[in-house]
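Quick look at entry-v3.txt (compact mmCIF, C-alpha atoms):
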```
# COMPACT_ATOMS: atom_id res chain seq x y z
CA ARG A 1 182.46 152.18 89.37
CA CYS A 2 179.18 150.44 88.59
CA SER A 3 177.87 153.66 87.06
CA LEU A 4 181.00 154.04 84.94
CA ALA A 5 180.82 150.42 83.77
CA LEU A 6 177.16 150.73 82.78
CA THR A 7 177.83 153.99 80.97
CA LEU A 8 180.56 152.33 78.92
CA LEU A 9 178.25 149.42 78.11
CA ALA A 10 175.56 151.85 77.03
CA GLY A 11 178.00 153.59 74.71
CA VAL A 12 179.24 150.34 73.15
CA CYS A 13 175.88 148.60 72.78
CA GLY A 14 173.69 151.64 72.19
CA CYS A 15 171.12 150.11 74.56
CA ARG A 16 168.51 152.43 75.98
CA GLN A 17 167.72 150.02 78.80
CA VAL A 18 171.29 150.32 80.06
CA ALA A 19 171.12 154.08 79.92
CA GLY A 20 167.89 153.90 81.90
CA GLY A 21 169.68 151.71 84.45
CA VAL A 22 172.42 154.33 84.74
CA ARG A 23 169.96 157.11 85.41
CA ALA A 24 168.08 155.04 87.95
CA LEU A 25 171.33 154.04 89.67
CA GLU A 26 172.60 157.60 89.87
CA SER A 27 169.31 158.84 91.30
CA GLY A 28 169.33 156.20 93.97
CA LEU A 29 166.17 154.44 92.78
CA LEU A 30 167.81 151.01 92.42
CA PRO A 31 170.20 149.04 94.58
CA ARG A 32 173.68 148.91 93.08
CA ARG A 33 173.78 145.14 93.19
CA ARG A 34 170.55 144.77 91.22
CA ALA A 35 171.82 147.12 88.49
CA VAL A 36 175.10 145.24 88.16
CA LEU A 37 173.40 141.85 88.03
CA ALA A 38 170.93 143.14 85.45
CA ALA A 39 173.77 144.33 83.26
CA VAL A 40 175.37 140.87 83.01
CA PRO A 41 172.77 139.25 80.69
CA LEU A 42 173.16 142.18 78.30
CA VAL A 43 176.76 141.22 77.63
CA ALA A 44 175.58 137.65 77.04
CA GLY A 45 173.20 138.94 74.35
CA ALA A 46 169.91 139.26 76.24
CA PRO A 47 169.19 142.99 76.55
CA ARG A 48 165.56 142.41 77.57
CA ALA A 49 166.72 141.23 80.98
CA LEU A 50 167.60 144.81 81.77
CA ALA A 51 163.91 145.77 81.80
CA ILE A 52 163.97 145.44 85.60
CA ALA A 53 166.82 147.98 85.70
CA ALA A 54 164.81 150.58 83.79
CA PRO A 55 161.66 151.58 85.62
CA GLN A 56 161.37 154.67 83.44
CA ALA A 57 161.15 152.56 80.26
CA SER A 58 158.62 150.14 81.72
CA ALA A 59 156.45 153.01 82.90
CA VAL A 60 156.48 154.48 79.40
CA THR A 61 155.55 151.08 77.96
CA VAL A 62 152.61 150.71 80.34
CA ALA A 63 151.46 154.24 79.61
CA ALA A 64 151.64 153.61 75.86
CA SER A 65 149.63 150.41 76.12
CA ALA A 66 147.01 152.25 78.15
CA VAL A 67 146.41 154.82 75.39
CA PRO A 68 142.89 154.22 74.01
CA PRO A 69 142.56 153.30 70.32
CA SER A 70 141.94 156.10 67.83
CA ALA A 71 138.60 156.61 66.15
CA ALA A 72 140.03 155.01 63.00
CA ALA A 73 141.24 151.95 64.94
CA GLU A 74 137.85 151.66 66.62
CA PHE A 75 136.15 151.87 63.21
CA TRP A 76 138.22 149.15 61.51
CA SER A 77 138.28 146.79 64.50
CA GLY A 78 134.53 147.22 64.88
CA LEU A 79 134.11 146.46 61.18
CA LEU A 80 135.80 143.08 61.57
CA ALA A 81 134.33 142.19 64.97
CA GLY A 82 130.81 143.02 63.80
CA ALA A 83 131.06 140.74 60.77
CA VAL A 84 132.44 137.82 62.76
CA GLN A 85 129.88 137.95 65.57
CA LYS A 86 126.96 138.36 63.15
CA THR A 87 127.95 135.38 61.00
CA VAL A 88 128.41 133.10 64.02
CA LYS A 89 125.17 134.29 65.58
CA GLU A 90 123.10 133.89 62.41
CA LEU A 91 124.28 130.34 61.77
CA ALA A 92 123.60 129.29 65.34
CA LEU A 93 120.27 131.02 65.98
CA HIS A 94 118.39 131.25 62.70
CA PRO A 95 115.98 128.38 63.63
CA LEU A 96 114.77 130.27 66.73
CA ASP A 97 114.33 133.41 64.65
CA THR A 98 112.25 131.39 62.17
CA ALA A 99 109.97 130.09 64.95
CA LYS A 100 109.50 133.62 66.31
CA ALA A 101 108.58 135.04 62.90
CA ARG A 102 106.03 132.26 62.30
CA LEU A 103 104.37 132.92 65.66
CA GLN A 104 104.12 136.65 64.95
CA ALA A 105 102.88 136.42 61.35
CA PRO A 106 99.22 137.26 60.60
CA VAL A 107 98.34 133.62 59.82
CA ALA A 108 99.05 132.77 63.46
CA ALA A 109 96.20 134.98 64.60
CA GLY A 110 93.60 132.52 63.34
CA TRP A 111 95.02 129.44 65.05
CA THR A 112 92.59 127.75 67.41
CA GLY A 113 92.43 124.37 69.13
CA GLY A 114 93.70 121.51 66.99
CA ALA A 115 94.75 123.88 64.22
CA ARG A 116 97.08 125.67 66.64
CA ARG A 117 98.59 122.38 67.82
CA ALA A 118 99.07 121.23 64.23
CA VAL A 119 100.76 124.45 63.17
CA LEU A 120 102.92 124.55 66.30
CA GLY A 121 104.28 121.21 65.20
CA GLU A 122 105.44 122.87 61.98
CA LEU A 123 107.30 125.71 63.70
CA PHE A 124 110.72 124.22 63.12
CA LYS A 125 110.04 122.70 59.72
CA SER A 126 112.69 124.01 57.30
CA PRO A 127 114.22 126.11 60.11
CA TYR A 128 116.84 127.66 57.82
CA ASP A 129 114.36 129.22 55.40
CA GLY A 130 115.54 132.75 54.67
CA LEU A 131 119.11 132.10 55.81
CA ALA A 132 120.73 133.11 52.49
CA PRO A 133 119.52 136.74 52.47
CA ALA A 134 120.25 137.00 56.19
CA LEU A 135 123.88 135.96 55.69
CA ILE A 136 124.46 137.93 52.49
CA SER A 137 123.54 141.23 54.08
CA GLY A 138 123.91 140.36 57.77
CA ALA A 139 127.71 140.46 58.00
CA PRO A 140 128.11 143.74 56.02
CA ALA A 141 125.27 145.36 57.99
CA ALA A 142 126.70 144.28 61.35
CA SER A 143 130.16 145.44 60.24
CA ALA A 144 128.72 148.86 59.41
CA PHE A 145 126.82 149.00 62.71
CA PHE A 146 129.80 148.30 64.96
CA ALA A 147 132.21 150.34 62.86
CA VAL A 148 129.95 153.41 63.05
CA LYS A 149 129.05 152.84 66.72
CA ASP A 150 132.62 152.37 67.93
CA GLY A 151 134.01 155.11 65.70
CA ALA A 152 131.28 157.57 66.77
CA LYS A 153 131.85 156.87 70.47
CA ARG A 154 135.55 157.62 70.11
CA ALA A 155 134.96 160.63 67.86
CA VAL A 156 132.61 162.36 70.35
CA ALA A 157 134.80 161.59 73.36
CA GLY A 158 136.03 165.19 73.36
CA LEU A 159 132.49 166.52 73.76
CA GLN A 160 132.47 165.25 77.36
CA LEU A 161 129.02 163.70 77.05
CA GLY A 162 127.82 161.21 79.64
CA LYS A 163 128.06 157.49 78.93
CA ALA A 164 124.32 157.18 78.35
CA GLU A 165 124.19 160.13 75.95
CA THR A 166 127.23 158.85 74.05
CA THR A 167 125.72 155.38 73.70
CA VAL A 168 122.35 156.73 72.51
CA LEU A 169 124.03 158.95 69.91
CA ALA A 170 126.36 156.20 68.68
CA VAL A 171 123.60 153.57 68.42
CA ALA A 172 121.22 155.98 66.67
CA CYS A 173 123.88 156.70 64.02
CA ALA A 174 124.87 153.04 63.71
CA ASN A 175 121.32 151.84 63.06
CA VAL A 176 120.96 154.19 60.10
CA ALA A 177 123.90 152.43 58.46
CA TYR A 178 122.69 149.00 59.60
CA TRP A 179 119.16 149.19 58.18
CA GLY A 180 120.31 150.94 55.04
CA ILE A 181 122.14 147.71 54.20
CA LYS A 182 119.99 145.15 55.99
CA ASN A 183 116.39 146.14 55.30
CA PRO A 184 115.90 144.59 51.81
CA SER A 185 117.15 141.20 52.96
CA GLU A 186 115.18 141.47 56.21
CA VAL A 187 111.95 141.84 54.23
CA LEU A 188 112.79 138.76 52.16
CA LYS A 189 113.94 136.74 55.18
CA VAL A 190 110.81 137.42 57.24
CA ARG A 191 108.51 136.65 54.31
CA ARG A 192 110.26 133.31 53.82
CA GLN A 193 110.16 132.51 57.53
CA ALA A 194 106.49 133.40 57.88
CA GLY A 195 105.50 131.35 54.84
CA VAL A 196 104.30 134.37 52.87
CA ALA A 197 106.85 133.55 50.16
CA SER A 198 108.33 130.19 49.26
CA ASP A 199 111.24 131.41 47.15
CA THR A 200 113.64 134.24 47.95
CA ALA A 201 114.36 135.20 44.35
CA GLY A 202 110.66 135.01 43.45
CA ALA A 203 109.74 137.20 46.42
CA ALA A 204 112.34 139.77 45.40
CA VAL A 205 110.99 139.89 41.83
CA GLU A 206 107.42 140.21 43.09
CA ILE A 207 108.30 143.12 45.40
CA TRP A 208 110.27 144.84 42.64
CA ARG A 209 107.41 144.58 40.15
CA ALA A 210 104.75 145.67 42.61
CA GLU A 211 106.52 148.43 44.54
CA GLY A 212 109.97 149.01 43.09
CA VAL A 213 112.89 149.90 45.35
CA ALA A 214 110.52 151.44 47.90
CA GLY A 215 109.05 148.00 48.57
CA PHE A 216 112.34 146.79 50.01
CA TYR A 217 112.41 149.74 52.41
CA SER A 218 108.73 149.95 53.35
CA SER A 219 109.56 148.58 56.81
CA ALA A 220 112.74 150.62 57.34
CA GLY A 221 110.99 153.01 59.74
CA PRO A 222 109.46 150.28 61.94
CA ASN A 223 112.73 148.33 61.90
CA TYR A 224 114.65 151.40 63.02
CA ALA A 225 112.01 152.28 65.62
CA TYR A 226 112.23 148.74 67.01
CA SER A 227 115.99 148.16 66.96
CA THR A 228 117.24 151.51 68.22
CA PRO A 229 115.66 151.41 71.70
CA VAL A 230 116.50 147.69 71.95
CA ASP A 231 120.15 148.33 71.13
CA VAL A 232 120.35 151.35 73.42
CA VAL A 233 118.99 149.39 76.39
CA LYS A 234 121.14 146.36 75.54
CA PHE A 235 124.40 148.28 75.29
CA LEU A 236 123.68 150.45 78.33
CA LEU A 237 122.96 147.37 80.44
CA TYR A 238 126.02 145.56 79.11
CA GLU A 239 128.34 148.51 79.70
CA GLN A 240 126.99 148.92 83.22
CA LEU A 241 127.58 145.23 83.96
CA LYS A 242 131.03 145.49 82.41
CA ALA A 243 131.93 148.53 84.53
CA SER A 244 130.61 146.89 87.71
CA LEU A 245 132.63 143.72 87.13
CA ALA A 246 135.73 145.72 86.27
CA ALA A 247 135.43 147.78 89.46
CA ARG A 248 134.84 144.68 91.54
CA ARG A 249 137.79 142.79 90.07
CA GLY A 250 140.12 145.75 89.80
CA ARG A 251 140.83 145.30 86.09
CA SER A 252 139.33 146.39 82.78
CA GLY A 253 137.93 144.01 80.20
CA LEU A 254 135.93 140.83 80.57
CA SER A 255 136.73 137.18 80.09
CA PRO A 256 134.76 135.39 77.34
CA VAL A 257 132.53 133.76 79.97
CA GLU A 258 131.83 137.09 81.71
CA ALA A 259 131.07 138.76 78.37
CA ALA A 260 128.72 135.90 77.46
CA VAL A 261 126.80 136.08 80.74
CA GLY A 262 126.55 139.87 80.71
CA GLY A 263 125.58 139.97 77.04
CA ALA A 264 122.92 137.30 77.51
CA ALA A 265 121.28 139.17 80.41
CA ALA A 266 121.36 142.52 78.62
CA ALA A 267 120.05 141.18 75.30
CA ALA A 268 117.23 139.12 76.83
CA THR A 269 115.99 142.04 78.92
CA ALA A 270 116.02 144.49 76.02
CA GLN A 271 114.38 142.08 73.56
CA ALA A 272 111.63 141.03 75.98
CA LEU A 273 110.63 144.63 76.65
CA ALA A 274 110.46 145.42 72.92
CA THR A 275 108.33 142.44 71.83
CA PRO A 276 105.28 144.57 70.84
CA LEU A 277 107.47 146.65 68.53
CA ASP A 278 108.82 143.45 67.00
CA VAL A 279 105.27 142.16 66.40
CA ALA A 280 104.39 145.44 64.66
CA ARG A 281 107.38 145.36 62.33
CA VAL A 282 106.78 141.70 61.39
CA ARG A 283 103.12 142.46 60.56
CA ILE A 284 104.18 145.40 58.41
CA MET A 285 106.64 143.23 56.48
CA THR A 286 104.19 140.35 55.96
CA SER A 287 100.86 142.09 55.41
CA ASP A 288 99.29 145.35 54.27
CA ALA A 289 99.68 146.92 57.72
CA THR A 290 101.30 150.38 57.86
CA GLY A 291 102.62 152.47 60.73
CA VAL A 292 103.87 151.14 64.05
CA ALA A 293 101.28 152.82 66.29
CA ALA A 294 98.37 151.99 63.97
CA THR A 295 99.49 148.35 63.70
CA LEU A 296 99.79 147.98 67.47
CA ARG A 297 96.28 149.39 67.98
CA ARG A 298 94.85 147.13 65.28
CA VAL A 299 96.46 143.98 66.67
CA ALA A 300 95.32 144.77 70.21
CA ALA A 301 91.75 145.55 69.09
CA GLU A 302 91.31 142.54 66.80
CA GLU A 303 93.33 139.87 68.59
CA GLY A 304 93.68 141.06 72.16
CA ALA A 305 96.60 142.53 74.07
CA GLY A 306 98.19 139.11 74.39
CA ALA A 307 98.90 139.08 70.65
CA LEU A 308 101.33 141.94 71.16
CA TRP A 309 103.55 139.51 73.06
CA ALA A 310 103.38 136.71 70.48
CA GLY A 311 106.65 134.85 70.12
CA VAL A 312 108.14 136.25 73.34
CA ALA A 313 109.34 132.80 74.52
CA PRO A 314 111.50 131.93 71.47
CA LYS A 315 112.45 135.59 71.26
CA VAL A 316 113.90 135.61 74.80
CA ALA A 317 115.51 132.19 74.29
CA ARG A 318 117.15 133.48 71.14
CA ALA A 319 118.17 136.71 72.87
CA LEU A 320 119.91 134.82 75.68
CA ALA A 321 121.95 132.79 73.22
CA SER A 322 122.37 135.76 70.88
CA GLY A 323 123.70 138.05 73.58
CA ALA A 324 126.12 135.42 74.83
CA ILE A 325 127.46 134.73 71.33
CA GLN A 326 127.46 138.36 70.25
CA PHE A 327 129.36 139.90 73.13
CA SER A 328 131.82 137.06 73.79
CA THR A 329 132.70 136.79 70.08
CA TYR A 330 132.75 140.54 69.64
CA GLU A 331 134.99 141.22 72.65
CA ALA A 332 137.51 138.53 71.65
CA THR A 333 137.64 139.63 68.00
CA LYS A 334 137.75 143.32 68.90
CA ASP A 335 140.67 142.86 71.34
CA TRP A 336 142.62 140.92 68.72
CA ALA A 337 141.88 143.45 65.98
CA VAL A 338 142.87 146.45 68.11
CA GLY A 339 146.16 144.77 69.04
CA TYR A 340 146.87 143.81 65.43
CA LEU A 341 146.18 147.33 64.17
CA ALA A 342 148.39 148.82 66.89
CA ARG A 343 151.28 146.56 65.89
CA THR A 344 150.84 146.77 62.13
CA PHE A 345 149.63 150.36 61.72
CA PRO A 346 150.97 152.27 64.76
CA ARG A 347 150.04 155.64 63.24
CA LEU A 348 146.41 154.70 62.59
```

Structure translated into structure tokens:
Amino acid sequence: RCSLALTLLAGVCGCRQVAGGVRALESGLLPRRRAVLAAVPLVAGAPRALAIAAPQASAVTVAASAVPPSAAAEFWSGLLAGAVQKTVKELALHPLDTAKARLQAPVAAGWTGGARRAVLGELFKSPYDGLAPALISGAPAASAFFAVKDGAKRAVAGLQLGKAETTVLAVACANVAYWGIKNPSEVLKVRRQAGVASDTAGAAVEIWRAEGVAGFYSSAGPNYAYSTPVDVVKFLLYEQLKASLAARRGRSGLSPVEAAVGGAAAAATAQALATPLDVARVRIMTSDATGVAATLRRVAAEEGAGALWAGVAPKVARALASGAIQFSTYEATKDWAVGYLARTFPRL
């Protein structure tokens, strides 16, 4: 009788949940009393209450939500998440970046005694010098980086590469897009920070007159050579921490606090290890130095090996804060964007 009543209700209301309840009832998966009680709210106008009477429907819903985003969804969500995290990070951490650039610039090599103490006192003077070019190109460059990285990782999923190989490939592709957009403003930003130029527009005109377009990309190779291993190490460490926490807690995804802690540890480790490469790229952008290897040898020979680690303290401090901001902001924005795209563009 219960089965007949539910069948009639399903025919009248056209409700799939009721039909699911009928099938479950007839197969003996649900107690009769539970199915009858679940059917009552439907008549009162609350069909969602029958979700407990339709295990088949709920299983399908769970399975659908577990489907990973497409490469297109990964691309567009990465585009938005990259822009948001970069803007927040740049506004918060530009002063530390300024201090690091001033410590690594060639003029710092001649500091001794009282002169060093006097200049150290000027490290944070005008801490937001060079912020405009960093913001103008920073968000688009970061958008391109994460869009390409996330899209590439999803696109090569069918190749059955290992996690490390997939990350290396995705980061290598992403940094081509990143520095293609970012490099001109990076040259101007570092020159402003290091005191080599006092005006962004004037520096741009000077570079254009002296070297043309090539002058804005003279450091593209060193920038790529520095950032790619840093990003590979950073993302590999972060993904390993993320996987370990997920396995330990029995769930995927991280809370904002967990993402911040994991991102801070991964970023600080990667940035500290790559400090000599950072010194080389800053020297190339602020002097007549050319070539990463040649610049490293020259700095070590003329100033000592310690000069290769100039600015490591503010660099690590910035990396700790940068990693925390980057990954917590990125994860939160990415999750929201993926959900929004799934609801708004289900065929994407």

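Compared by their closest atoms to Lys149 (chain A), and using all atoms listed in the file, the residues A:Ala71, A:Asn183, A:Phe216, A:Leu91 rank with A:Ala71 nearest.
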
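Picture a line from CA of Pro133 (chain A) to CA of Thr200 (chain A); it runs 7.8 Å.
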
The residue from A:Leu161, A:Ala266, A:Leu131, A:Val190 with the smallest atom-to-atom distance to Leu241 (chain A), counting only C-alpha atoms, is A:Ala266

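Distance annotation: of A:Glu303, A:Asp97, A:Asp278, A:Glu90, the residue with the minimal separation from Gln326 (chain A) is A:Glu90; atom set is all atoms listed in the file.
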
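Atom pair CA of Ala274 (chain A) / CA of Pro314 (chain A): separated by 13.6 Å.
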
List the spatial neighbours of Ala264 (chain A) as a PyMOL selection string - criterion: any atom at most 10 Å away, only C-alpha atoms, same-chain residues fewer than 6 positions off excluded.
chain A and resi 234+238+258+316-328

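Distances from A:Ser77, A:Ser218, A:Gln271, A:Ser70 to Ala289 (chain A) were compared using only C-alpha atoms, and the smallest one belongs to A:Ser218.
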
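Note that the spacing between CA of Pro95 (chain A) and CA of Lys125 (chain A) amounts to 9.1 Å.
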